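Read through the structure below, which is laid out as structure tokens, and then see the notes.
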Amino acid sequence: MKPIATARRHPWLVALSTALLCGGAGWALAGPAAPSARPSGATAELAELKADVPLNRVLYTPTDADVRVSVAKQRLITNCMADKGFDYQPPPVPRASAADVEYPKPFGLEPTVRGGSQQPTERLREKKRSKAFSRALFGDPDRRISVKGKELKVTRPATGCQADAERRLSGNARVRLLELRLQLGDGEKHSRGAVAKDPDLRKVNRAWQKCMARAGHVQKNPMGVIKKLKPGEDVRKSPLAQADLECKETTDYLATAYKALASAQRHWLGEHSKAFAEWKALNRRQQAAAREILEVDAGPRS
């Protein structure tokens, strides 16, 4: 995959890139998390606001049907690789639970009741495989399909077990699914641009700026804080990061921002209703194919 824009400048690209690399809905951290001692009720409210953002629900929250598609794809790949004499160990499939989802964080640092790293979670490193194994899984490296959106160019294998599994699930709509997925990603970015003009958020951002100034930090917006933090820096020990979190809480910044984002995305989806309807229809086709694959693979029932 070749990003057209940098992920550091546009954190949403981290989640989108991971989603496309995984071949479906992506569940990846897109921005640093910040451990906090705030009550769980406050973070639960924030989680509800994030889950109410339309494209968060569509692209990052796995449903039971999404899980079945992933399981079916893994099963197809595993069987295909076994036929070629290779032992393929698929990665774990994310559970169908919104509670397990790490949504993109377009407004910088956020409080969380969970500890752990303050930097984006690294993907598990893949074991080094032989050229024969890689060719069986990903096919001829010179034969790939390519789809370009406004922000990303995506290439995927045209041959090999992974490509065969994706074709089995999506039929001749494999490229179209990628095109629509990129279009929805473009909708995410467009919506975030529209949010910057929201009058309520602009008002809250001015209040946040004043709060930060009183704490000794001159910043235009929360994403400026992210750019100031050093890679690997512990935000719990950063006066700048802690001031950001405190000022967000004081001004109700995140609640205002996510409500504005949800409104902007609903507007964008309304303007692109045909593409969204096609995306949902093609996903239903994949889900039906996955059910059939899993039922056949399970064999006769007693």
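By convention in this document, the chains of the structure tokens carry letters A, B, ... by their order, each chain's residues are numbered from 1, and ligands are numbered from 1 in the order they are shown.
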
*Residue neighbourhood segment 202-207 of chain A, 12 Å, only C-alpha atoms, exclusion window fewer than 5 positions, as JSON, numbers by chain*: {"A": [107, 194, 195, 196, 197, 212, 213, 214, 218, 219, 220, 221, 222, 223, 244, 247, 248, 249, 250, 251, 252, 253, 254, 255, 256, 257, 260]}

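Taking atom CA of Arg174 of chain A as the reference point, atom CA of Lys84 of chain A is found at 23.6 Å.
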
*Would you mind listing what lies within 9 Å of Leu240 of chain A as a ChimeraX atom specification, with only C-alpha atoms counted and same-chain residues fewer than 4 positions away left out?*
/A:212,215-217,225,228-229,235,244-245

Take the residues just selected and output them with N, CA and C atoms as a PDB file, in the first residue's frame.
```pdb
ATOM      1  N   MET A 212      -5.516  26.416  27.604  1.00  0.00           N
ATOM      2  CA  MET A 212      -4.127  25.991  27.403  1.00  0.00           C
ATOM      3  C   MET A 212      -3.163  27.143  27.679  1.00  0.00           C
ATOM      4  N   ALA A 215      -2.449  27.590  31.164  1.00  0.00           N
ATOM      5  CA  ALA A 215      -1.555  26.532  31.659  1.00  0.00           C
ATOM      6  C   ALA A 215      -0.135  26.695  31.133  1.00  0.00           C
ATOM      7  N   GLY A 216       0.084  27.747  30.334  1.00  0.00           N
ATOM      8  CA  GLY A 216       1.423  28.025  29.830  1.00  0.00           C
ATOM      9  C   GLY A 216       1.739  27.401  28.491  1.00  0.00           C
ATOM     10  N   HIS A 217       0.716  27.008  27.741  1.00  0.00           N
ATOM     11  CA  HIS A 217       0.931  26.357  26.440  1.00  0.00           C
ATOM     12  C   HIS A 217       0.126  27.071  25.368  1.00  0.00           C
ATOM     13  N   VAL A 225      -0.907  19.530  19.674  1.00  0.00           N
ATOM     14  CA  VAL A 225      -0.295  18.876  20.833  1.00  0.00           C
ATOM     15  C   VAL A 225       0.364  17.577  20.405  1.00  0.00           C
ATOM     16  N   LYS A 228       3.665  18.032  18.871  1.00  0.00           N
ATOM     17  CA  LYS A 228       4.704  18.465  19.804  1.00  0.00           C
ATOM     18  C   LYS A 228       5.272  17.304  20.624  1.00  0.00           C
ATOM     19  N   LEU A 229       4.498  16.251  20.784  1.00  0.00           N
ATOM     20  CA  LEU A 229       4.949  15.123  21.593  1.00  0.00           C
ATOM     21  C   LEU A 229       6.034  14.339  20.855  1.00  0.00           C
ATOM     22  N   VAL A 235       2.704  10.254  27.920  1.00  0.00           N
ATOM     23  CA  VAL A 235       1.853  11.438  28.084  1.00  0.00           C
ATOM     24  C   VAL A 235       1.474  11.673  29.537  1.00  0.00           C
ATOM     25  N   ASP A 244      -3.639  19.453  27.958  1.00  0.00           N
ATOM     26  CA  ASP A 244      -4.580  19.204  26.865  1.00  0.00           C
ATOM     27  C   ASP A 244      -5.793  18.419  27.369  1.00  0.00           C
ATOM     28  N   LEU A 245      -5.545  17.332  28.087  1.00  0.00           N
ATOM     29  CA  LEU A 245      -6.637  16.502  28.588  1.00  0.00           C
ATOM     30  C   LEU A 245      -7.510  17.256  29.586  1.00  0.00           C
TER      31      LEU A 245
END
```

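Relative to atom CA of Ala243 of chain A, atom CA of Ala264 of chain A is found at 27.9 Å.
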
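Restricting the calculation to only C-alpha atoms, the smallest distance between Tyr88 of chain A and any of A:Val154, A:Val101, A:Cys161, A:Leu109 is found for A:Cys161.
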
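The closest residue to Leu152 of chain A, picked from A:Ile226, A:Cys211, A:Leu184, A:Leu282 and counting only C-alpha atoms, is A:Leu184.
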
*Between atom CA of Lys280 of chain A and atom CA of Thr63 of chain A - distance in Å to one decimal*: 13.0 Å

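In terms of minimum interatomic distance to Cys80 of chain A, A:Gly160 ranks closest within A:Asp140, A:Gly160, A:Pro104, A:Lys153, counting only C-alpha atoms.
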
_When DSSP is applied to the backbone of this structure, which of segment 172-253 of chain A are assigned alpha helix (DSSP H)? Write them out as a PyMOL selection string._
chain A and resi 174-195+199-214+222-228+239-251+253

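Using only C-alpha atoms, the protein and nucleic acid residues lying no more than 12 Å from Ala132 of chain A, apart from those fewer than 2 places from it along its own chain, are A:Met81, A:Lys84, A:Gly85, A:Phe86, A:Lys128, A:Arg129, A:Ser130, A:Ser134, A:Arg135, A:Ala136, A:Leu137, A:Phe138, A:Gly139, A:Asp140, A:Pro141, A:Gly160.
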